[in-house]
$ cat query.cif   # mmCIF, C-alpha atoms
data_final
loop_
_atom_site.label_atom_id
_atom_site.label_comp_id
_atom_site.auth_asym_id
_atom_site.auth_seq_id
_atom_site.Cartn_x
_atom_site.Cartn_y
_atom_site.Cartn_z
CA MET A 1 144.77 31.22 107.70
CA LEU A 2 143.32 28.13 109.21
CA GLN A 3 145.06 24.83 109.17
CA TYR A 4 144.22 21.89 111.36
CA GLN A 5 146.23 19.07 112.77
CA LEU A 6 145.22 15.98 114.69
CA GLY A 7 144.39 16.38 118.33
CA MET A 8 141.26 18.52 118.15
CA PRO A 9 138.55 17.62 120.64
CA PRO A 10 136.01 15.17 119.24
CA ASN A 11 132.76 16.71 118.09
CA ASN A 12 130.66 13.60 117.66
CA HIS A 13 129.79 12.46 121.15
CA LYS A 14 127.27 9.66 121.59
CA LYS A 15 123.65 10.77 121.39
CA SER A 16 121.33 9.50 124.09
CA PHE A 17 117.81 10.49 125.03
CA ASN A 18 118.23 13.46 127.29
CA PRO A 19 115.83 16.33 126.59
CA PHE A 20 117.58 18.60 129.10
CA ALA A 21 120.91 18.08 127.29
CA GLU A 22 119.18 19.10 124.05
CA CYS A 23 118.04 22.33 125.74
CA HIS A 24 121.60 22.89 126.94
CA GLU A 25 122.89 22.40 123.38
CA ALA A 26 120.29 24.87 122.11
CA ARG A 27 121.51 27.30 124.82
CA LEU A 28 118.10 27.50 126.47
CA THR A 29 117.95 28.12 130.19
CA ILE A 30 116.03 25.63 132.30
CA TRP A 31 113.04 28.01 132.39
CA GLN A 32 113.03 28.16 128.58
CA CYS A 33 113.38 24.40 128.12
CA PRO A 34 110.12 22.89 126.76
CA PRO A 35 110.53 19.41 128.40
CA PHE A 36 111.19 21.01 131.79
CA LEU A 37 108.27 23.42 131.34
CA PHE A 38 106.09 20.44 130.45
CA LEU A 39 107.00 18.79 133.77
CA VAL A 40 106.36 22.05 135.64
CA LEU A 41 103.02 22.38 133.87
CA GLY A 42 102.05 18.84 134.95
CA VAL A 43 102.94 19.52 138.59
CA VAL A 44 101.15 22.91 138.58
CA THR A 45 98.06 21.30 137.00
CA ILE A 46 97.94 18.51 139.62
CA ILE A 47 98.42 21.00 142.51
CA SER A 48 95.78 23.32 141.07
CA MET A 49 93.34 20.41 140.65
CA ILE A 50 93.82 19.35 144.28
CA ALA A 51 93.59 22.95 145.54
CA THR A 52 90.50 23.64 143.44
CA TYR A 53 88.93 20.38 144.66
CA LEU A 54 89.62 21.27 148.33
CA LEU A 55 88.32 24.82 147.92
CA SER A 56 85.28 23.85 145.90
CA SER A 57 84.35 21.02 148.31
CA SER A 58 84.42 23.58 151.17
CA TYR A 59 82.18 26.07 149.35
CA VAL A 60 80.13 23.94 146.96
CA GLU A 61 77.83 21.24 148.22
CA GLU A 62 77.18 19.54 144.88
CA PRO A 63 80.10 17.16 144.06
CA GLN A 64 79.29 17.37 140.31
CA VAL A 65 79.78 21.17 140.38
CA ALA A 66 83.08 20.75 142.30
CA ALA A 67 84.27 18.22 139.70
CA LEU A 68 83.26 20.59 136.89
CA ILE A 69 85.22 23.48 138.43
CA VAL A 70 88.30 21.25 138.90
CA THR A 71 88.09 20.06 135.29
CA GLY A 72 87.62 23.63 134.03
CA VAL A 73 90.68 24.90 135.92
CA ALA A 74 92.77 21.92 134.72
CA VAL A 75 91.77 22.50 131.07
CA LEU A 76 92.61 26.21 131.39
CA PHE A 77 96.07 25.40 132.81
CA ILE A 78 96.75 22.87 130.10
CA ILE A 79 95.74 25.26 127.27
CA VAL A 80 97.74 28.24 128.63
CA GLY A 81 100.72 26.03 129.48
CA ASN A 82 100.79 24.45 126.03
CA LEU A 83 100.67 27.85 124.37
CA VAL A 84 103.66 28.99 126.44
CA ILE A 85 105.63 25.81 125.77
CA SER A 86 104.97 25.83 122.01
CA GLY A 87 106.06 29.50 121.95
CA PHE A 88 109.40 28.60 123.53
CA HIS A 89 109.72 25.66 121.18
CA ARG A 90 109.23 27.90 118.14
CA VAL A 91 111.84 30.37 119.42
CA ALA A 92 114.37 27.55 119.92
CA GLU A 93 113.60 26.16 116.46
CA ALA A 94 113.92 29.60 114.81
CA ASN A 95 117.26 30.10 116.54
CA HIS A 96 118.53 26.77 115.28
CA MET A 97 117.30 27.51 111.74
CA LYS A 98 119.01 30.91 111.79
CA GLU A 99 122.34 29.26 112.67
CA GLU A 100 121.87 26.65 109.94
CA PHE A 101 120.98 29.37 107.43
CA ILE A 102 124.06 31.50 108.21
CA SER A 103 126.27 28.44 108.00
CA LEU A 104 124.79 27.33 104.67
CA VAL A 105 124.90 30.79 103.08
CA SER A 106 128.44 31.41 104.30
CA HIS A 107 129.67 28.13 102.86
CA GLN A 108 127.89 28.84 99.58
CA LEU A 109 129.54 32.26 99.47
CA ARG A 110 132.95 30.78 100.04
CA SER A 111 132.84 28.83 96.80
CA PRO A 112 132.70 31.85 94.41
CA LEU A 113 135.10 33.76 96.66
CA SER A 114 137.73 31.03 96.40
CA ILE A 115 137.21 30.85 92.62
CA PHE A 116 137.73 34.62 92.42
CA LYS A 117 140.81 34.49 94.64
CA TRP A 118 142.56 31.69 92.78
CA THR A 119 141.56 32.86 89.30
CA LEU A 120 142.82 36.37 90.03
CA GLU A 121 146.11 34.94 91.22
CA ALA A 122 146.43 32.75 88.11
CA LEU A 123 145.54 35.72 85.88
CA ARG A 124 148.18 37.86 87.53
CA THR A 125 150.80 35.14 87.06
CA ASP A 126 149.72 34.76 83.44
CA ILE A 127 149.94 38.48 82.64
CA GLN A 128 153.26 38.79 84.42
CA LYS A 129 154.61 35.88 82.38
CA GLU A 130 153.61 37.62 79.13
CA THR A 131 154.68 41.17 79.94
CA ASN A 132 157.26 40.46 82.65
CA LEU A 133 156.16 43.52 84.62
CA LEU A 134 152.69 44.82 85.40
CA SER A 135 152.02 48.52 84.78
CA SER A 136 151.37 50.51 87.96
CA GLY A 137 147.74 50.98 86.87
CA ALA A 138 147.23 47.24 86.42
CA GLU A 139 149.01 46.58 89.71
CA ASN A 140 146.57 48.93 91.47
CA TYR A 141 143.55 47.22 89.88
CA PHE A 142 144.85 43.86 91.03
CA HIS A 143 145.36 45.24 94.54
CA THR A 144 141.80 46.60 94.61
CA LEU A 145 140.29 43.33 93.39
CA ARG A 146 142.38 41.24 95.77
CA ASP A 147 141.68 43.48 98.80
CA THR A 148 137.95 43.59 98.05
CA ASN A 149 137.83 39.81 97.78
CA GLU A 150 139.87 39.38 100.97
CA ASN A 151 137.47 41.72 102.82
CA MET A 152 134.53 39.61 101.67
CA ILE A 153 136.33 36.43 102.77
CA LYS A 154 137.00 38.01 106.17
CA MET A 155 133.34 38.97 106.50
CA VAL A 156 132.18 35.44 105.68
CA ASN A 157 134.77 33.97 108.06
CA THR A 158 133.58 36.35 110.80
CA LEU A 159 129.95 35.35 110.27
CA LEU A 160 130.88 31.67 110.46
CA GLU A 161 132.96 32.30 113.57
CA VAL A 162 130.13 34.20 115.27
CA ASN A 163 127.80 31.37 114.36
CA ARG A 164 130.20 28.90 115.98
CA ILE A 165 130.37 31.05 119.11
CA ASP A 166 126.56 31.23 119.27
CA ALA A 167 126.32 27.48 118.76
CA GLN A 168 129.03 26.96 121.39
CA SER A 169 131.02 24.91 118.89
CA LEU A 170 134.14 27.06 118.74
CA LEU A 171 137.12 24.69 118.86
CA LEU A 172 140.43 26.33 119.70
CA LYS A 173 143.81 24.85 118.87
CA LYS A 174 146.52 24.81 121.53
CA GLU A 175 149.88 25.85 120.19
CA LYS A 176 152.81 27.76 121.61
CA PHE A 177 153.59 31.00 119.84
CA SER A 178 155.05 34.45 120.28
CA LEU A 179 152.42 37.12 120.88
CA ALA A 180 154.97 39.78 119.94
CA GLU A 181 155.60 38.12 116.60
CA ILE A 182 151.95 37.94 115.53
CA SER A 183 151.39 41.46 116.84
CA GLU A 184 154.22 42.88 114.76
CA LYS A 185 153.17 40.89 111.70
CA THR A 186 149.64 42.23 111.98
CA VAL A 187 150.85 45.82 112.42
CA GLU A 188 152.75 45.44 109.11
CA THR A 189 149.52 44.65 107.26
CA PHE A 190 148.12 48.02 108.42
CA ARG A 191 151.28 49.99 107.73
CA ARG A 192 150.39 51.17 104.22
CA TYR A 193 146.95 52.42 105.21
CA ALA A 194 148.23 53.99 108.45
CA ASP A 195 151.03 55.83 106.61
CA SER A 196 148.56 57.29 104.14
CA SER A 197 146.44 58.54 107.08
CA ASN A 198 149.46 59.93 108.98
CA ILE A 199 148.97 57.42 111.76
CA LYS A 200 152.14 56.22 113.45
CA PHE A 201 152.49 52.91 115.29
CA ILE A 202 154.68 52.92 118.40
CA SER A 203 155.68 49.52 119.79
CA ASP A 204 156.56 49.01 123.42
CA ILE A 205 157.44 45.32 123.42
CA PRO A 206 160.28 43.92 125.58
CA PRO A 207 162.67 41.58 123.69
CA SER A 208 162.41 38.24 125.49
CA LEU A 209 158.84 37.54 126.48
CA PRO A 210 157.52 34.04 127.19
CA TYR A 211 155.26 32.31 124.67
CA VAL A 212 151.53 31.98 125.05
CA LEU A 213 149.47 28.84 124.55
CA GLY A 214 146.43 29.25 122.31
CA ASP A 215 144.97 29.35 118.83
CA ARG A 216 147.46 31.41 116.86
CA ASP A 217 145.20 32.13 113.87
CA ARG A 218 142.24 33.20 115.95
CA LEU A 219 144.35 35.36 118.25
CA SER A 220 145.83 36.99 115.13
CA VAL A 221 142.27 37.87 114.12
CA VAL A 222 141.63 39.34 117.61
CA ILE A 223 144.75 41.54 117.33
CA GLU A 224 143.78 42.49 113.78
CA ASN A 225 140.30 43.55 114.95
CA LEU A 226 141.69 45.65 117.80
CA ILE A 227 144.28 47.35 115.57
CA ASP A 228 141.63 47.86 112.90
CA ASN A 229 139.36 49.63 115.41
CA ALA A 230 142.19 51.84 116.68
CA VAL A 231 143.12 52.88 113.12
CA ARG A 232 139.52 53.24 112.00
CA TYR A 233 138.47 55.50 114.86
CA THR A 234 141.57 57.69 114.81
CA LYS A 235 140.04 60.53 112.81
CA THR A 236 143.16 62.22 111.54
CA SER A 237 146.85 61.82 112.27
CA GLY A 238 147.97 60.41 115.61
CA ASN A 239 149.99 57.80 117.41
CA ILE A 240 148.80 54.29 118.21
CA ILE A 241 150.78 52.63 120.99
CA ILE A 242 150.96 48.84 121.17
CA LYS A 243 152.36 47.39 124.39
CA ILE A 244 153.04 43.88 125.63
CA SER A 245 154.01 43.32 129.25
CA LEU A 246 154.45 40.38 131.60
CA GLU A 247 152.43 40.64 134.79
CA ASN A 248 152.45 37.71 137.25
CA ASN A 249 152.80 35.01 134.60
CA TRP A 250 150.19 36.68 132.40
CA LEU A 251 151.00 38.45 129.15
CA LYS A 252 149.09 41.66 128.69
CA TRP A 253 148.65 43.05 125.18
CA SER A 254 147.23 46.57 124.86
CA ILE A 255 146.56 49.18 122.20
CA GLU A 256 146.12 52.86 122.93
CA ASP A 257 144.69 55.36 120.47
CA ARG A 258 143.80 59.04 120.51
CA GLY A 259 140.63 58.45 118.54
CA VAL A 260 137.00 59.39 119.03
CA GLY A 261 136.60 57.28 122.19
CA ILE A 262 133.38 55.63 123.33
CA PRO A 263 130.60 57.67 125.00
CA SER A 264 130.33 56.55 128.65
CA GLY A 265 126.65 55.62 128.33
CA GLN A 266 127.45 53.14 125.54
CA GLN A 267 130.52 51.50 127.02
CA LYS A 268 128.61 48.61 128.61
CA TYR A 269 127.34 47.50 125.17
CA ILE A 270 130.71 47.59 123.43
CA PHE A 271 131.26 43.80 123.38
CA ASN A 272 127.69 43.10 122.23
CA LYS A 273 127.08 41.55 118.85
CA PHE A 274 126.50 44.14 116.04
CA PHE A 275 126.96 47.06 118.45
CA ARG A 276 128.62 50.20 117.07
CA ALA A 277 129.04 53.30 119.18
CA GLY A 278 126.82 56.26 118.27
CA ASN A 279 129.81 58.52 117.60
CA SER A 280 131.49 56.07 115.23
CA TRP A 281 130.24 58.24 112.33
CA SER A 282 128.68 55.19 110.73
CA GLY A 283 128.59 56.80 107.30
CA GLN A 284 132.38 57.00 107.25
CA ALA A 285 133.74 54.15 109.31
CA LYS A 286 133.13 50.67 107.95
CA GLY A 287 132.69 47.70 110.23
CA SER A 288 130.32 44.92 111.08
CA GLY A 289 130.12 45.42 114.84
CA LEU A 290 131.28 41.82 115.27
CA GLY A 291 135.01 42.33 115.89
CA LEU A 292 134.85 42.96 119.64
CA TYR A 293 132.18 40.30 120.18
CA LEU A 294 134.48 37.82 118.47
CA ALA A 295 137.52 39.10 120.37
CA ARG A 296 135.88 38.61 123.77
CA ALA A 297 134.70 35.10 122.90
CA VAL A 298 138.18 34.01 121.69
CA ILE A 299 140.07 35.61 124.60
CA GLU A 300 137.73 34.17 127.23
CA ALA A 301 137.79 30.73 125.57
CA SER A 302 141.62 30.95 125.68
CA GLY A 303 141.53 31.50 129.44
CA GLY A 304 142.24 35.24 129.33
CA LYS A 305 140.45 38.49 130.03
CA ILE A 306 139.64 41.44 127.81
CA GLY A 307 138.74 45.03 128.74
CA PHE A 308 139.12 48.68 127.91
CA GLN A 309 139.20 52.23 129.24
CA SER A 310 137.80 54.97 127.06
CA GLU A 311 136.91 58.64 127.14
CA GLU A 312 134.90 60.36 124.43
CA ASN A 313 137.01 62.59 122.16
CA LYS A 314 140.20 61.55 123.98
CA GLY A 315 140.74 57.95 122.94
CA SER A 316 140.65 54.36 124.11
CA VAL A 317 142.91 51.65 125.48
CA PHE A 318 141.86 48.09 124.72
CA TRP A 319 143.71 45.22 126.35
CA PHE A 320 143.64 41.48 126.80
CA THR A 321 145.58 39.01 128.91
CA LEU A 322 146.66 35.46 128.18
CA PRO A 323 148.47 32.96 130.41
CA ALA A 324 152.22 32.80 129.70
CA SER A 325 153.48 29.40 128.64
CA GLY A 326 157.24 29.42 129.18
CA MET B 1 161.49 14.18 86.61
CA ALA B 2 158.51 16.36 87.45
CA LYS B 3 156.44 15.27 90.44
CA LYS B 4 152.85 14.28 89.65
CA ILE B 5 149.92 15.96 91.35
CA LEU B 6 146.29 14.92 91.03
CA PHE B 7 143.64 17.55 91.80
CA ILE B 8 140.14 16.13 92.42
CA GLU B 9 137.78 19.11 92.31
CA ASP B 10 134.38 19.59 90.67
CA GLU B 11 134.81 23.33 90.09
CA SER B 12 136.58 23.64 86.74
CA ALA B 13 137.60 27.29 87.32
CA LEU B 14 139.54 26.27 90.43
CA GLN B 15 141.09 23.37 88.55
CA LYS B 16 142.27 25.60 85.70
CA ALA B 17 143.75 28.22 88.02
CA ALA B 18 145.53 25.64 90.20
CA THR B 19 146.75 23.66 87.19
CA GLN B 20 148.30 26.77 85.67
CA VAL B 21 150.13 27.85 88.82
CA LEU B 22 151.25 24.32 89.77
CA SER B 23 152.44 23.57 86.21
CA GLU B 24 154.48 26.76 86.19
CA THR B 25 156.04 25.69 89.47
CA GLY B 26 157.21 22.53 87.70
CA TYR B 27 154.62 19.92 88.67
CA GLU B 28 152.81 17.62 86.27
CA VAL B 29 149.14 18.17 87.08
CA SER B 30 146.23 15.82 86.34
CA SER B 31 142.67 16.52 87.30
CA ALA B 32 139.33 14.85 87.87
CA LEU B 33 135.91 16.46 88.18
CA ASP B 34 134.24 13.81 90.35
CA GLY B 35 135.16 11.35 93.09
CA GLU B 36 134.79 8.19 91.05
CA THR B 37 137.03 9.43 88.22
CA GLY B 38 139.48 10.82 90.76
CA LEU B 39 139.81 7.46 92.44
CA ARG B 40 140.31 5.66 89.13
CA VAL B 41 142.94 8.16 87.94
CA ALA B 42 144.73 7.94 91.31
CA LYS B 43 145.03 4.15 90.97
CA GLU B 44 146.26 4.35 87.38
CA LEU B 45 148.57 7.33 87.74
CA LEU B 46 149.88 6.79 91.30
CA PRO B 47 150.62 10.50 91.77
CA ASP B 48 153.11 11.87 94.30
CA LEU B 49 150.39 13.91 96.00
CA ILE B 50 146.61 14.33 95.79
CA LEU B 51 144.62 17.53 96.33
CA LEU B 52 141.08 16.51 97.25
CA ASP B 53 137.85 18.48 97.62
CA LEU B 54 135.18 17.09 99.95
CA ILE B 55 131.92 17.92 98.18
CA LEU B 56 132.15 15.98 94.93
CA PRO B 57 129.67 14.30 92.60
CA LYS B 58 129.41 10.47 92.37
CA LYS B 59 131.68 9.84 95.37
CA ASN B 60 132.34 12.43 98.05
CA GLY B 61 135.80 13.33 99.30
CA PHE B 62 135.51 11.23 102.48
CA GLU B 63 134.64 8.11 100.46
CA VAL B 64 137.51 8.78 98.04
CA LEU B 65 139.95 9.34 100.92
CA LYS B 66 138.81 6.17 102.70
CA GLU B 67 139.26 4.07 99.54
CA LEU B 68 142.64 5.64 98.79
CA LYS B 69 143.87 4.78 102.27
CA GLU B 70 142.51 1.21 102.08
CA ASN B 71 144.23 0.51 98.78
CA GLU B 72 147.75 -0.93 99.07
CA GLN B 73 149.02 1.04 96.06
CA THR B 74 147.60 4.42 97.02
CA LYS B 75 147.62 4.39 100.81
CA LYS B 76 150.99 6.10 101.11
CA ILE B 77 150.17 8.99 98.76
CA PRO B 78 149.85 12.17 100.82
CA VAL B 79 146.41 13.77 100.51
CA ILE B 80 145.73 17.46 101.12
CA ILE B 81 142.06 18.23 101.71
CA LEU B 82 141.06 21.49 100.00
CA SER B 83 137.57 22.36 101.05
CA ASN B 84 135.41 25.29 102.03
CA LEU B 85 133.80 23.27 104.79
CA GLU B 86 135.35 24.05 108.12
CA SER B 87 133.46 22.35 110.91
CA GLY B 88 135.51 20.54 113.55
CA GLY B 89 133.75 17.31 112.58
CA ASP B 90 134.79 17.51 108.92
CA VAL B 91 138.39 18.32 109.84
CA GLN B 92 138.55 15.58 112.46
CA LYS B 93 137.04 12.99 110.12
CA SER B 94 139.45 13.87 107.28
CA LEU B 95 142.50 13.61 109.53
CA GLU B 96 141.29 10.36 111.06
CA LEU B 97 140.80 8.90 107.59
CA GLY B 98 144.44 9.68 106.84
CA ALA B 99 144.58 13.13 105.22
CA THR B 100 147.96 14.81 105.69
CA THR B 101 146.50 18.24 106.23
CA TYR B 102 143.29 20.20 105.83
CA LEU B 103 143.20 23.60 104.13
CA VAL B 104 140.24 25.95 103.78
CA LYS B 105 140.32 27.12 100.16
CA THR B 106 139.26 30.73 100.72
CA ASN B 107 141.98 31.20 103.32
CA TYR B 108 144.87 29.97 101.19
CA SER B 109 146.35 31.48 98.05
CA LEU B 110 147.66 29.17 95.32
CA GLN B 111 151.16 30.18 96.34
CA ASP B 112 150.39 29.05 99.91
CA VAL B 113 149.15 25.72 98.52
CA VAL B 114 152.37 25.37 96.50
CA GLU B 115 154.39 25.97 99.70
CA LYS B 116 152.38 23.30 101.53
CA ILE B 117 152.96 20.83 98.70
CA LYS B 118 156.69 21.56 98.70
CA GLY B 119 156.79 21.04 102.46
CA ILE B 120 155.01 17.70 102.28
CA LEU B 121 157.06 16.44 99.34
CA GLY B 122 160.25 17.55 101.11
CA GLU B 123 161.34 19.98 98.42
#

$ encode --input "query.cif" --output "C-alpha cells"
Amino acid sequence: MLQYQLGMPPNNHKKSFNPFAECHEARLTIWQCPPFLFLVLGVVTIISMIATYLLSSSYVEEPQVAALIVTGVAVLFIIVGNLVISGFHRVAEANHMKEEFISLVSHQLRSPLSIFKWTLEALRTDIQKETNLLSSGAENYFHTLRDTNENMIKMVNTLLEVNRIDAQSLLLKKEKFSLAEISEKTVETFRRYADSSNIKFISDIPPSLPYVLGDRDRLSVVIENLIDNAVRYTKTSGNIIIKISLENNWLKWSIEDRGVGIPSGQQKYIFNKFFRAGNSWSGQAKGSGLGLYLARAVIEASGGKIGFQSEENKGSVFWFTLPASG
Amino acid sequence: MAKKILFIEDESALQKAATQVLSETGYEVSSALDGETGLRVAKELLPDLILLDLILPKKNGFEVLKELKENEQTKKIPVIILSNLESGGDVQKSLELGATTYLVKTNYSLQDVVEKIKGILGE
C-alpha cells in the first residue's frame, strides 16, 4: 500500500532554457543529444569547408571550381547531419510518448480496478449481513475474484513503477522499519499457496536486528517479488530458506531455493527488463519479467546492492543489502 | 451522535460502495458527484471529515481543497485525498494545500479507508 506524508523531494524545479538538461531528463547520452549533435555538425561542417578549400586551392586553379567543391561538401554534411539528428530526435520523442502512453493507460486501468475492488468488498459485506455466513463455495468465488483483481492491480502498479524508473522519477520515502517484520509478513501471504505445493519456508532471522532506513512499501514489493520467484520456480516440494544477517553495519536479506536455477549463459540478463530465463517453462510459470528489474532499481536507489548465485537444476540464492539504521 | 463524512467522487459505483461500508461502520455519509457541489455541501454540512477525489468535473480536487482550506469554516476539516493518480507532484501538491493524507484508491480496501478515518478522527 502506498501512503505519502510531507517531506518528499520537490518535483517541480524551475525550468530554464538548457537543451543539454532536457537531453539528460530524456536519458539521452551526450552523443544522442540533438542540440549537442547540432553543434558538432556545425564545427565539422566549418572544418570540412576549410579543409576542402585548402585542398581544392592546392589542386584546382580555378577559384570558382574550388568554391563549388567547398559548397558541395558543406551541403552534403548538412543534409547527412540533419538526417542523423532528426533520427535521434524521433527516437527521443517516441520514448517520451511511450512513457506517457503507459502512464495514461495504467491510470485509466486503475479506475475500473478500484471500482471492482470496492464494489466486491461492499457486496461481500452486504451478503454477509443478509446470510450471516458465506457458504464455502461463495467464499471461494470471492477469493478468486479478489485475488484476480489484486493481481491486475499489482501488474498495473508494476508497469507504473517501471515507467517511473525509466523516467528517473522514482521517489523513495525514508522511514525506519524492521526488515524482519516485513519479510515475515510477506512470507505469510505466500503460506497458503506454498502449503498446497508442499513448499516449506525456513526462517533464519536473529531476534534483535537493527532497523533499516528506506521505503517500506517498495521494499515489501522487492521481498514479495523475490519470494514469488523462489516459490514459482520450485517445481515440486522443497524448502525455501530466508535469512537476514548483520554484516559490518549492513543488513543482508537472502532467499535460497532448490528450484530450476538459471542457465549460466543467461545469468547476465537476469535483471534486464522483461527477461525470463529460457528454462522458466514459460507455459507454466506466470510472470512479467519485471520483478527483478524493479528490485534492482529499488535496492540501488535505497543505497544497497543486489545479487545472486545460481546453478541450473540445483537452485538459486538471491540477496540484497541495505544500510542498517540503528 | 454519528460523525459526518462527505465523499466527493464522480464515480457513482465507488460512492455507493463506500457509502454502504461507511454507513454500516456508523458514519453518516453524504456525497457529491462534482467539485462545485462538493464544495457547496461541505460549507453547508460542515462534515467531520472529507474524502476527496482529484479528477472531478466542474472543479478539480486541487481547487476544491484550496477553497476548503481558505474558508474559515471549513479549513480545519481533515481531508483525505482518494485518487488513482500517484505522481510525486500530485501528492506533494495535495499535502502542501493542506490534505491530511493521500491514498491511492486501488491500493486500499474500504476497510483500510475506514481504519484511516478512525485514526484521523481519533476513534

$ interface_residues --input "query.cif" --of "chain B" --to "chain A" --cutoff "12 Å" --atoms "all atoms listed in the file" --output "PyMOL selection string"
chain B and resi 9-25+53+55+80-113+116

$ resolve_selection --input "query.cif" --expression "the PyMOL selection byres ((chain A and resi 36-50) around 7)" --output "list of chain:residue names"
A:Ile30, A:Trp31, A:Cys33, A:Pro34, A:Pro35, A:Ala51, A:Thr52, A:Tyr53, A:Leu54, A:Val70, A:Ala74, A:Phe77, A:Gly81, A:Ile85

$ atom_distance --input "query.cif" --atom1 "atom CA of Val221 of chain A" --atom2 "atom CA of Glu184 of chain A"
13.0 Å

$ resolve_selection --input "query.cif" --expression "the PyMOL selection byres ((chain B and resi 27-39) around 7)" --output "list in words"
Ala2, Lys3, Lys4, Ile5, Leu6, Phe7, Ile8, Glu9, Asp10, Thr19, Leu22, Ser23, Thr25, Gly26, Arg40, Val41, Ala42, Lys43, Leu56, Pro57, Lys58, Lys59, Asn60, Gly61 and Val64 of chain B

$ residues_around --input "query.cif" --residues "segment 242-250 of chain A" --least-positions-apart "2" --cutoff "7 Å" --atoms "all atoms listed in the file" --output "list in words"
Ile202, Ser203, Asp204, Ile205, Ile240, Lys252, Trp253, Ser254, Ile255, Glu256, Thr321, Leu322, Pro323 and Ala324 of chain A

$ closest_residue --input "query.cif" --among "A:Thr189, A:Ser56, A:Ser208, A:Ser288" --to "Val73 of chain A" --atoms "only C-alpha atoms"
A:Ser56

$ atom_distance --input "query.cif" --atom1 "atom CA of Asn313 of chain A" --atom2 "atom CA of Gly259 of chain A"
6.6 Å

$ atom_distance --input "query.cif" --atom1 "atom CA of Gly304 of chain A" --atom2 "atom CA of Phe320 of chain A"
6.9 Å

$ resolve_selection --input "query.cif" --expression "the PyMOL selection byres ((chain B and resi 120) around 10)" --output "list in words"
Leu49, Pro78, Val79, Ile80, Thr100, Thr101, Val114, Glu115, Lys116, Ile117, Lys118, Gly119, Leu121, Gly122 and Glu123 of chain B

$ decode --input "query.cif" --residues "segment 155-177 of chain A" --atoms "C-alpha atoms" --output "compact mmCIF listing (two decimals), in the first residue's frame"
# COMPACT_ATOMS: atom_id res chain seq x y z
CA MET A 155 0.54 -5.58 -12.68
CA VAL A 156 -0.62 -2.00 -13.27
CA ASN A 157 1.38 -0.79 -10.25
CA THR A 158 4.46 -2.60 -11.59
CA LEU A 159 4.06 -1.01 -15.02
CA LEU A 160 3.74 2.43 -13.45
CA GLU A 161 6.75 1.76 -11.24
CA VAL A 162 8.86 0.61 -14.21
CA ASN A 163 7.77 3.72 -16.07
CA ARG A 164 8.91 5.86 -13.14
CA ILE A 165 12.27 4.06 -13.07
CA ASP A 166 12.70 4.61 -16.82
CA ALA A 167 11.76 8.26 -16.44
CA GLN A 168 14.12 8.54 -13.46
CA SER A 169 11.26 9.92 -11.37
CA LEU A 170 11.16 7.22 -8.70
CA LEU A 171 10.78 8.99 -5.35
CA LEU A 172 11.59 6.86 -2.32
CA LYS A 173 10.36 7.59 1.18
CA LYS A 174 12.80 7.42 4.07
CA GLU A 175 11.38 5.63 7.07
CA LYS A 176 12.81 3.38 9.73
CA PHE A 177 11.40 -0.12 9.77
